[in-house]
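J.: My structure is stored as structure.cif, with mmCIF, C-alpha atoms; chains and numbers go by the auth columns.
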```cif
data_my_file
loop_
_atom_site.group_PDB
_atom_site.id
_atom_site.type_symbol
_atom_site.label_atom_id
_atom_site.label_comp_id
_atom_site.label_asym_id
_atom_site.label_seq_id
_atom_site.Cartn_x
_atom_site.Cartn_y
_atom_site.Cartn_z
_atom_site.B_iso_or_equiv
_atom_site.auth_seq_id
_atom_site.auth_asym_id
ATOM 1 C CA MET A 1 6.144 2.672 33.558 0.00 1 A
ATOM 2 C CA ALA A 2 6.535 5.657 31.237 0.00 2 A
ATOM 3 C CA LYS A 3 9.748 4.196 29.828 0.00 3 A
ATOM 4 C CA ILE A 4 7.993 0.926 29.002 0.00 4 A
ATOM 5 C CA VAL A 5 5.135 2.743 27.258 0.00 5 A
ATOM 6 C CA GLY A 6 7.662 4.894 25.360 0.00 6 A
ATOM 7 C CA ALA A 7 9.592 1.812 24.257 0.00 7 A
ATOM 8 C CA ILE A 8 6.388 0.123 23.091 0.00 8 A
ATOM 9 C CA ILE A 9 5.389 3.216 21.103 0.00 9 A
ATOM 10 C CA CYS A 10 8.840 3.387 19.492 0.00 10 A
ATOM 11 C CA LEU A 11 8.684 -0.309 18.603 0.00 11 A
ATOM 12 C CA LEU A 12 5.212 0.163 17.146 0.00 12 A
ATOM 13 C CA ILE A 13 6.359 3.051 14.962 0.00 13 A
ATOM 14 C CA VAL A 14 9.448 1.164 13.789 0.00 14 A
ATOM 15 C CA ALA A 15 7.455 -2.018 13.107 0.00 15 A
ATOM 16 C CA MET A 16 4.880 -0.147 11.032 0.00 16 A
ATOM 17 C CA ASP A 17 7.508 1.750 9.039 0.00 17 A
ATOM 18 C CA VAL A 18 9.609 -1.366 8.455 0.00 18 A
ATOM 19 C CA MET A 19 6.530 -3.287 7.327 0.00 19 A
ATOM 20 C CA ALA A 20 5.601 -0.406 5.004 0.00 20 A
ATOM 21 C CA GLY A 21 9.131 -0.450 3.581 0.00 21 A
ATOM 22 C CA ILE A 22 9.021 -4.194 2.997 0.00 22 A
ATOM 23 C CA LEU A 23 5.611 -3.926 1.336 0.00 23 A
ATOM 24 C CA GLY A 24 6.880 -1.123 -0.924 0.00 24 A
ATOM 25 C CA ILE A 25 9.876 -3.164 -2.025 0.00 25 A
ATOM 26 C CA GLU A 26 7.707 -6.269 -2.523 0.00 26 A
ATOM 27 C CA ALA A 27 5.316 -4.166 -4.628 0.00 27 A
ATOM 28 C CA GLU A 28 8.232 -3.132 -6.843 0.00 28 A
ATOM 29 C CA ILE A 29 9.198 -6.790 -7.266 0.00 29 A
ATOM 30 C CA GLU A 30 5.628 -7.716 -8.217 0.00 30 A
ATOM 31 C CA GLN A 31 5.421 -4.779 -10.630 0.00 31 A
ATOM 32 C CA ASN A 32 8.564 -5.962 -12.397 0.00 32 A
ATOM 33 C CA LYS A 33 7.041 -9.408 -12.954 0.00 33 A
ATOM 34 C CA VAL A 34 4.389 -8.164 -15.414 0.00 34 A
ATOM 35 C CA LYS A 35 5.225 -8.038 -19.091 0.00 35 A
ATOM 36 C CA HIS A 36 6.160 -4.691 -20.517 0.00 36 A
ATOM 37 C CA LEU A 37 7.554 -3.108 -23.658 0.00 37 A
ATOM 38 C CA ARG A 38 9.914 -0.182 -23.262 0.00 38 A
ATOM 39 C CA LEU A 39 10.933 2.366 -25.899 0.00 39 A
ATOM 40 C CA TRP A 40 13.301 5.037 -24.539 0.00 40 A
ATOM 41 C CA ILE A 41 11.395 6.812 -21.741 0.00 41 A
ATOM 42 C CA PHE A 42 7.984 5.460 -22.789 0.00 42 A
ATOM 43 C CA GLU A 43 6.669 2.168 -21.550 0.00 43 A
ATOM 44 C CA CYS A 44 3.691 -0.037 -22.303 0.00 44 A
ATOM 45 C CA ARG A 45 2.848 -2.563 -19.622 0.00 45 A
ATOM 46 C CA ASP A 46 0.006 -4.328 -17.948 0.00 46 A
ATOM 47 C CA PRO A 47 -0.881 -3.269 -14.402 0.00 47 A
ATOM 48 C CA SER A 48 -0.107 -5.612 -11.518 0.00 48 A
ATOM 49 C CA GLU A 49 -2.980 -6.125 -9.092 0.00 49 A
ATOM 50 C CA GLN A 50 -0.621 -7.551 -6.469 0.00 50 A
ATOM 51 C CA ALA A 51 1.700 -4.529 -6.748 0.00 51 A
ATOM 52 C CA PHE A 52 -1.337 -2.259 -6.374 0.00 52 A
ATOM 53 C CA LYS A 53 -2.427 -4.003 -3.159 0.00 53 A
ATOM 54 C CA LEU A 54 1.073 -4.048 -1.689 0.00 54 A
ATOM 55 C CA GLY A 55 1.681 -0.394 -2.567 0.00 55 A
ATOM 56 C CA LEU A 56 -1.644 0.607 -1.059 0.00 56 A
ATOM 57 C CA GLY A 57 -0.790 -1.273 2.130 0.00 57 A
ATOM 58 C CA ALA A 58 2.639 0.368 2.291 0.00 58 A
ATOM 59 C CA ALA A 59 1.150 3.847 1.870 0.00 59 A
ATOM 60 C CA ALA A 60 -1.475 3.175 4.551 0.00 60 A
ATOM 61 C CA LEU A 61 1.102 1.878 7.044 0.00 61 A
ATOM 62 C CA LEU A 62 3.418 4.824 6.403 0.00 62 A
ATOM 63 C CA GLY A 63 0.549 7.243 6.970 0.00 63 A
ATOM 64 C CA LEU A 64 -0.546 5.486 10.145 0.00 64 A
ATOM 65 C CA ALA A 65 3.000 5.408 11.548 0.00 65 A
ATOM 66 C CA HIS A 66 3.356 9.116 10.809 0.00 66 A
ATOM 67 C CA VAL A 67 0.082 9.966 12.536 0.00 67 A
ATOM 68 C CA ILE A 68 0.983 7.900 15.601 0.00 68 A
ATOM 69 C CA ALA A 69 4.445 9.458 15.888 0.00 69 A
ATOM 70 C CA ASN A 70 3.076 12.982 15.598 0.00 70 A
ATOM 71 C CA LEU A 71 0.065 12.516 17.858 0.00 71 A
ATOM 72 C CA LEU A 72 1.870 10.658 20.603 0.00 72 A
ATOM 73 C CA GLY A 73 4.999 12.780 20.274 0.00 73 A
ATOM 74 C CA GLY A 74 3.020 15.816 21.307 0.00 74 A
ATOM 75 C CA CYS A 75 3.096 19.383 20.143 0.00 75 A
ATOM 76 C CA ASN A 76 6.483 20.955 19.662 0.00 76 A
ATOM 77 C CA CYS A 77 5.670 24.496 18.674 0.00 77 A
ATOM 78 C CA ILE A 78 8.408 27.008 17.958 0.00 78 A
ATOM 79 C CA CYS A 79 7.139 30.119 16.222 0.00 79 A
ATOM 80 C CA SER A 80 10.249 32.190 15.539 0.00 80 A
ATOM 81 C CA GLN A 81 13.939 31.911 14.757 0.00 81 A
ATOM 82 C CA GLU A 82 14.755 33.686 18.027 0.00 82 A
ATOM 83 C CA GLU A 83 12.728 31.160 20.009 0.00 83 A
ATOM 84 C CA LEU A 84 14.530 28.323 18.219 0.00 84 A
ATOM 85 C CA GLU A 85 17.951 29.781 19.055 0.00 85 A
ATOM 86 C CA LYS A 86 17.020 30.096 22.751 0.00 86 A
ATOM 87 C CA ALA A 87 15.629 26.541 22.927 0.00 87 A
ATOM 88 C CA SER A 88 17.582 23.706 24.504 0.00 88 A
ATOM 89 C CA PRO A 89 19.626 21.436 22.211 0.00 89 A
ATOM 90 C CA SER A 90 17.142 18.635 22.869 0.00 90 A
ATOM 91 C CA ARG A 91 14.268 20.814 21.702 0.00 91 A
ATOM 92 C CA GLN A 92 16.216 21.961 18.641 0.00 92 A
ATOM 93 C CA LEU A 93 16.849 18.312 17.773 0.00 93 A
ATOM 94 C CA SER A 94 13.167 17.620 18.203 0.00 94 A
ATOM 95 C CA VAL A 95 12.199 20.396 15.792 0.00 95 A
ATOM 96 C CA ALA A 96 14.780 19.249 13.226 0.00 96 A
ATOM 97 C CA CYS A 97 13.514 15.658 13.453 0.00 97 A
ATOM 98 C CA LEU A 98 9.922 16.860 13.080 0.00 98 A
ATOM 99 C CA ILE A 99 10.782 18.798 9.924 0.00 99 A
ATOM 100 C CA PHE A 100 12.725 15.876 8.434 0.00 100 A
ATOM 101 C CA THR A 101 9.911 13.488 9.350 0.00 101 A
ATOM 102 C CA TRP A 102 7.375 15.591 7.456 0.00 102 A
ATOM 103 C CA ILE A 103 9.636 15.950 4.409 0.00 103 A
ATOM 104 C CA ILE A 104 10.423 12.232 4.284 0.00 104 A
ATOM 105 C CA PHE A 105 6.749 11.402 4.804 0.00 105 A
ATOM 106 C CA ALA A 106 5.649 13.692 1.960 0.00 106 A
ATOM 107 C CA VAL A 107 8.239 12.379 -0.501 0.00 107 A
ATOM 108 C CA GLY A 108 7.858 8.724 0.520 0.00 108 A
ATOM 109 C CA LEU A 109 4.062 8.800 0.412 0.00 109 A
ATOM 110 C CA SER A 110 4.143 10.563 -2.967 0.00 110 A
ATOM 111 C CA MET A 111 6.455 7.917 -4.381 0.00 111 A
ATOM 112 C CA LEU A 112 4.296 5.083 -3.039 0.00 112 A
ATOM 113 C CA VAL A 113 1.094 6.668 -4.352 0.00 113 A
ATOM 114 C CA ILE A 114 2.531 7.329 -7.823 0.00 114 A
ATOM 115 C CA GLY A 115 3.873 3.768 -8.011 0.00 115 A
ATOM 116 C CA THR A 116 0.605 2.338 -6.723 0.00 116 A
ATOM 117 C CA LEU A 117 -1.577 4.347 -9.090 0.00 117 A
ATOM 118 C CA SER A 118 0.485 3.190 -12.041 0.00 118 A
ATOM 119 C CA ASN A 119 -0.751 -0.328 -11.228 0.00 119 A
ATOM 120 C CA ARG A 120 -4.489 0.413 -11.254 0.00 120 A
ATOM 121 C CA LYS A 121 -6.584 -2.027 -13.253 0.00 121 A
ATOM 122 C CA SER A 122 -7.742 0.746 -15.572 0.00 122 A
ATOM 123 C CA ARG A 123 -4.156 1.761 -16.362 0.00 123 A
ATOM 124 C CA ALA A 124 -3.191 -0.662 -19.123 0.00 124 A
ATOM 125 C CA SER A 125 -1.897 2.057 -21.415 0.00 125 A
ATOM 126 C CA CYS A 126 1.421 3.485 -22.493 0.00 126 A
ATOM 127 C CA GLY A 127 3.192 6.422 -20.901 0.00 127 A
ATOM 128 C CA PHE A 128 6.258 7.572 -19.027 0.00 128 A
ATOM 129 C CA THR A 129 8.070 4.966 -17.003 0.00 129 A
ATOM 130 C CA HIS A 130 7.413 4.782 -13.272 0.00 130 A
ATOM 131 C CA HIS A 131 10.334 2.574 -12.379 0.00 131 A
ATOM 132 C CA HIS A 132 11.559 2.331 -8.823 0.00 132 A
ATOM 133 C CA PHE A 133 8.912 4.631 -7.315 0.00 133 A
ATOM 134 C CA LEU A 134 7.645 1.838 -5.093 0.00 134 A
ATOM 135 C CA SER A 135 11.081 0.730 -3.950 0.00 135 A
ATOM 136 C CA ILE A 136 12.274 4.290 -3.314 0.00 136 A
ATOM 137 C CA GLY A 137 9.092 4.916 -1.332 0.00 137 A
ATOM 138 C CA GLY A 138 9.762 1.707 0.582 0.00 138 A
ATOM 139 C CA ILE A 139 13.315 2.758 1.408 0.00 139 A
ATOM 140 C CA LEU A 140 12.058 6.135 2.589 0.00 140 A
ATOM 141 C CA CYS A 141 9.768 4.277 5.012 0.00 141 A
ATOM 142 C CA PHE A 142 12.888 2.956 6.758 0.00 142 A
ATOM 143 C CA VAL A 143 14.325 6.471 6.949 0.00 143 A
ATOM 144 C CA HIS A 144 10.969 7.709 8.256 0.00 144 A
ATOM 145 C CA ALA A 145 11.198 5.181 11.096 0.00 145 A
ATOM 146 C CA LEU A 146 14.570 6.562 12.129 0.00 146 A
ATOM 147 C CA PHE A 147 13.454 10.185 12.229 0.00 147 A
ATOM 148 C CA SER A 148 10.042 9.422 13.747 0.00 148 A
ATOM 149 C CA VAL A 149 11.583 7.558 16.661 0.00 149 A
ATOM 150 C CA SER A 150 14.188 10.302 17.064 0.00 150 A
ATOM 151 C CA TYR A 151 11.395 12.874 17.116 0.00 151 A
ATOM 152 C CA TYR A 152 9.347 10.915 19.634 0.00 152 A
ATOM 153 C CA ILE A 153 12.315 10.365 21.966 0.00 153 A
ATOM 154 C CA SER A 154 13.557 13.947 21.797 0.00 154 A
ATOM 155 C CA THR A 155 10.073 15.386 22.273 0.00 155 A
ATOM 156 C CA THR A 156 9.188 13.190 25.223 0.00 156 A
ATOM 157 C CA ALA A 157 12.610 13.937 26.760 0.00 157 A
ATOM 158 C CA ASN A 158 11.691 17.637 26.622 0.00 158 A
ATOM 159 C CA LEU A 159 8.429 17.006 28.467 0.00 159 A
ATOM 160 C CA SER A 160 10.040 15.271 31.441 0.00 160 A
#
```
Please rewrite the model in this file as structure tokens.
T.:
Amino acid sequence: MAKIVGAIICLLIVAMDVMAGILGIEAEIEQNKVKHLRLWIFECRDPSEQAFKLGLGAAALLGLAHVIANLLGGCNCICSQEELEKASPSRQLSVACLIFTWIIFAVGLSMLVIGTLSNRKSRASCGFTHHHFLSIGGILCFVHALFSVSYYISTTANLS
């Protein structure tokens, strides 16, 4: 029974991250459909309401997948370098996956938020280009799925 629940949780995390990645890439496509004028690194363009909605959805799904993976994965507390060296390889893998998951989450969410905010309705002005932030954030959602599932599996393997 525990294996079935674990598989369902892993599928849920992967499905949410994959959906977030697809939404991020779709938001980038919608953003590129609006008219814009580019002069070196400065750009004047109209915001895309559809890109804003898709980017917001992608950021929300990424955040929710991260919360689920961390809450259901349990606590994996290692307080010192010495404790890490004495830990089993499975636990060391779990800690490494946890660290990578947080880094990927922070960078991916930042990219999605920056790309999404550049498509606010009140942002019809000129400024620095924000190209590919949404698609890079979307790609990082796929990477987040990989490390989140690895974290969940390695953490739950330590508990049994």
J.: What would the selection look like, as a PDB file with C-alpha atoms, in the coordinates of the input, if the PyMOL selection byres ((chain A and resi 47) around 8) were run on the coordinates I just shared?
T.:
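out27.pdb written:
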```
ATOM      1  CA  GLN A  31       5.421  -4.779 -10.630  1.00  0.00           C
ATOM      2  CA  VAL A  34       4.389  -8.164 -15.414  1.00  0.00           C
ATOM      3  CA  ARG A  45       2.848  -2.563 -19.622  1.00  0.00           C
ATOM      4  CA  ASP A  46       0.006  -4.328 -17.948  1.00  0.00           C
ATOM      5  CA  SER A  48      -0.107  -5.612 -11.518  1.00  0.00           C
ATOM      6  CA  GLU A  49      -2.980  -6.125  -9.092  1.00  0.00           C
ATOM      7  CA  SER A 118       0.485   3.190 -12.041  1.00  0.00           C
ATOM      8  CA  ASN A 119      -0.751  -0.328 -11.228  1.00  0.00           C
ATOM      9  CA  ARG A 120      -4.489   0.413 -11.254  1.00  0.00           C
ATOM     10  CA  LYS A 121      -6.584  -2.027 -13.253  1.00  0.00           C
ATOM     11  CA  ARG A 123      -4.156   1.761 -16.362  1.00  0.00           C
ATOM     12  CA  ALA A 124      -3.191  -0.662 -19.123  1.00  0.00           C
TER      13      ALA A 124
END
```
J.: Would you work out the distance separating atom CA of Leu112 of chain A from atom CA of Leu134 of chain A, expressed in Å to one decimal?
T.: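 Going from atom CA of Leu112 of chain A over to atom CA of Leu134 of chain A covers 5.1 Å.
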J.: Leaving out Tyr152 of chain A and any residue of its chain fewer than 4 positions from it, which residues lie within 10 Å of it when counting all atoms listed in the file, given as a list in words?
T.: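 Near Tyr152 of chain A, the qualifying residues are Gly6, Ile9, Cys10, Ile13, Ile68, Ala69, Asn70, Leu71, Leu72, Gly73, Gly74, Ser94, Cys97, Leu98, Phe147, Ser148, Thr156, Ala157 and Asn158 of chain A.
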J.: Rounded to one decimal place, report the atom CA of Ala87 of chain A-atom CA of Leu64 of chain A distance in Å.
T.: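 Value for the atom CA of Ala87 of chain A-atom CA of Leu64 of chain A distance: 29.5 Å.
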J.: Of the candidates A:Ile99, A:Ala65, A:Ala60, A:Ile25, which shows the shortest atom-to-atom distance to Ile136 of chain A, using all atoms listed in the file?
T.: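 Smallest separation from Ile136 of chain A among the options: A:Ile25.
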J.: Just the number, please: distance in Å from atom CA of Gly137 of chain A to atom CA of Val107 of chain A, one decimal.
T.: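 These atoms are spaced 7.6 Å apart.
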J.: Restricting the calculation to only C-alpha atoms: of A:Leu62, A:Leu56, A:Ile4, A:Ala51, which residue gets closest to Asn32 of chain A?
T.: A:Ala51
J.: To test your reading of the syntax: which residues would the PyMOL selection byres ((chain A and resi 55) around 7) return for the file shown? Reply as a list in words.
T.: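 This file, filtered by the PyMOL selection byres ((chain A and resi 55) around 7), leaves Leu23, Gly24, Ala27, Ala51, Phe52, Lys53, Leu54, Leu56, Gly57, Ala58, Ala59, Leu112, Thr116 and Leu134 of chain A.
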J.: Mind filling out segment 11-32 of chain A with N, CA and C atoms and sending it as a PDB file, keeping the file's coordinate frame?
T.:
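Saved to rebuild-v9.pdb:
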```pdb
ATOM      1  N   LEU A  11       8.704   0.963  19.328  1.00  0.00           N
ATOM      2  CA  LEU A  11       8.684  -0.309  18.603  1.00  0.00           C
ATOM      3  C   LEU A  11       7.513  -0.388  17.632  1.00  0.00           C
ATOM      4  N   LEU A  12       6.379   0.142  18.026  1.00  0.00           N
ATOM      5  CA  LEU A  12       5.212   0.163  17.146  1.00  0.00           C
ATOM      6  C   LEU A  12       5.484   1.002  15.893  1.00  0.00           C
ATOM      7  N   ILE A  13       6.051   2.173  16.099  1.00  0.00           N
ATOM      8  CA  ILE A  13       6.359   3.051  14.962  1.00  0.00           C
ATOM      9  C   ILE A  13       7.367   2.393  14.026  1.00  0.00           C
ATOM     10  N   VAL A  14       8.418   1.824  14.601  1.00  0.00           N
ATOM     11  CA  VAL A  14       9.448   1.164  13.789  1.00  0.00           C
ATOM     12  C   VAL A  14       8.857  -0.033  13.050  1.00  0.00           C
ATOM     13  N   ALA A  15       8.054  -0.836  13.746  1.00  0.00           N
ATOM     14  CA  ALA A  15       7.455  -2.018  13.107  1.00  0.00           C
ATOM     15  C   ALA A  15       6.559  -1.622  11.938  1.00  0.00           C
ATOM     16  N   MET A  16       5.760  -0.579  12.121  1.00  0.00           N
ATOM     17  CA  MET A  16       4.880  -0.147  11.032  1.00  0.00           C
ATOM     18  C   MET A  16       5.669   0.395   9.852  1.00  0.00           C
ATOM     19  N   ASP A  17       6.697   1.204  10.126  1.00  0.00           N
ATOM     20  CA  ASP A  17       7.508   1.750   9.039  1.00  0.00           C
ATOM     21  C   ASP A  17       8.309   0.664   8.325  1.00  0.00           C
ATOM     22  N   VAL A  18       8.855  -0.274   9.079  1.00  0.00           N
ATOM     23  CA  VAL A  18       9.609  -1.366   8.455  1.00  0.00           C
ATOM     24  C   VAL A  18       8.678  -2.221   7.598  1.00  0.00           C
ATOM     25  N   MET A  19       7.491  -2.507   8.111  1.00  0.00           N
ATOM     26  CA  MET A  19       6.530  -3.287   7.327  1.00  0.00           C
ATOM     27  C   MET A  19       6.123  -2.534   6.056  1.00  0.00           C
ATOM     28  N   ALA A  20       5.929  -1.214   6.184  1.00  0.00           N
ATOM     29  CA  ALA A  20       5.601  -0.406   5.004  1.00  0.00           C
ATOM     30  C   ALA A  20       6.742  -0.451   3.992  1.00  0.00           C
ATOM     31  N   GLY A  21       7.978  -0.378   4.477  1.00  0.00           N
ATOM     32  CA  GLY A  21       9.131  -0.450   3.581  1.00  0.00           C
ATOM     33  C   GLY A  21       9.219  -1.786   2.867  1.00  0.00           C
ATOM     34  N   ILE A  22       8.991  -2.856   3.611  1.00  0.00           N
ATOM     35  CA  ILE A  22       9.021  -4.194   2.997  1.00  0.00           C
ATOM     36  C   ILE A  22       7.912  -4.335   1.967  1.00  0.00           C
ATOM     37  N   LEU A  23       6.721  -3.849   2.297  1.00  0.00           N
ATOM     38  CA  LEU A  23       5.611  -3.926   1.336  1.00  0.00           C
ATOM     39  C   LEU A  23       5.903  -3.111   0.072  1.00  0.00           C
ATOM     40  N   GLY A  24       6.522  -1.941   0.235  1.00  0.00           N
ATOM     41  CA  GLY A  24       6.880  -1.123  -0.924  1.00  0.00           C
ATOM     42  C   GLY A  24       7.879  -1.816  -1.834  1.00  0.00           C
ATOM     43  N   ILE A  25       8.873  -2.447  -1.236  1.00  0.00           N
ATOM     44  CA  ILE A  25       9.876  -3.164  -2.025  1.00  0.00           C
ATOM     45  C   ILE A  25       9.262  -4.400  -2.686  1.00  0.00           C
ATOM     46  N   GLU A  26       8.408  -5.111  -1.948  1.00  0.00           N
ATOM     47  CA  GLU A  26       7.707  -6.269  -2.523  1.00  0.00           C
ATOM     48  C   GLU A  26       6.798  -5.840  -3.677  1.00  0.00           C
ATOM     49  N   ALA A  27       6.170  -4.677  -3.545  1.00  0.00           N
ATOM     50  CA  ALA A  27       5.316  -4.166  -4.628  1.00  0.00           C
ATOM     51  C   ALA A  27       6.144  -3.901  -5.884  1.00  0.00           C
ATOM     52  N   GLU A  28       7.342  -3.369  -5.692  1.00  0.00           N
ATOM     53  CA  GLU A  28       8.232  -3.132  -6.843  1.00  0.00           C
ATOM     54  C   GLU A  28       8.600  -4.451  -7.512  1.00  0.00           C
ATOM     55  N   ILE A  29       8.865  -5.473  -6.716  1.00  0.00           N
ATOM     56  CA  ILE A  29       9.198  -6.790  -7.266  1.00  0.00           C
ATOM     57  C   ILE A  29       8.028  -7.348  -8.060  1.00  0.00           C
ATOM     58  N   GLU A  30       6.824  -7.227  -7.515  1.00  0.00           N
ATOM     59  CA  GLU A  30       5.628  -7.716  -8.217  1.00  0.00           C
ATOM     60  C   GLU A  30       5.374  -6.916  -9.495  1.00  0.00           C
ATOM     61  N   GLN A  31       5.613  -5.624  -9.443  1.00  0.00           N
ATOM     62  CA  GLN A  31       5.421  -4.779 -10.630  1.00  0.00           C
ATOM     63  C   GLN A  31       6.372  -5.190 -11.744  1.00  0.00           C
ATOM     64  N   ASN A  32       7.577  -5.575 -11.392  1.00  0.00           N
ATOM     65  CA  ASN A  32       8.564  -5.962 -12.397  1.00  0.00           C
ATOM     66  C   ASN A  32       8.278  -7.326 -13.016  1.00  0.00           C
TER      67      ASN A  32
END
```
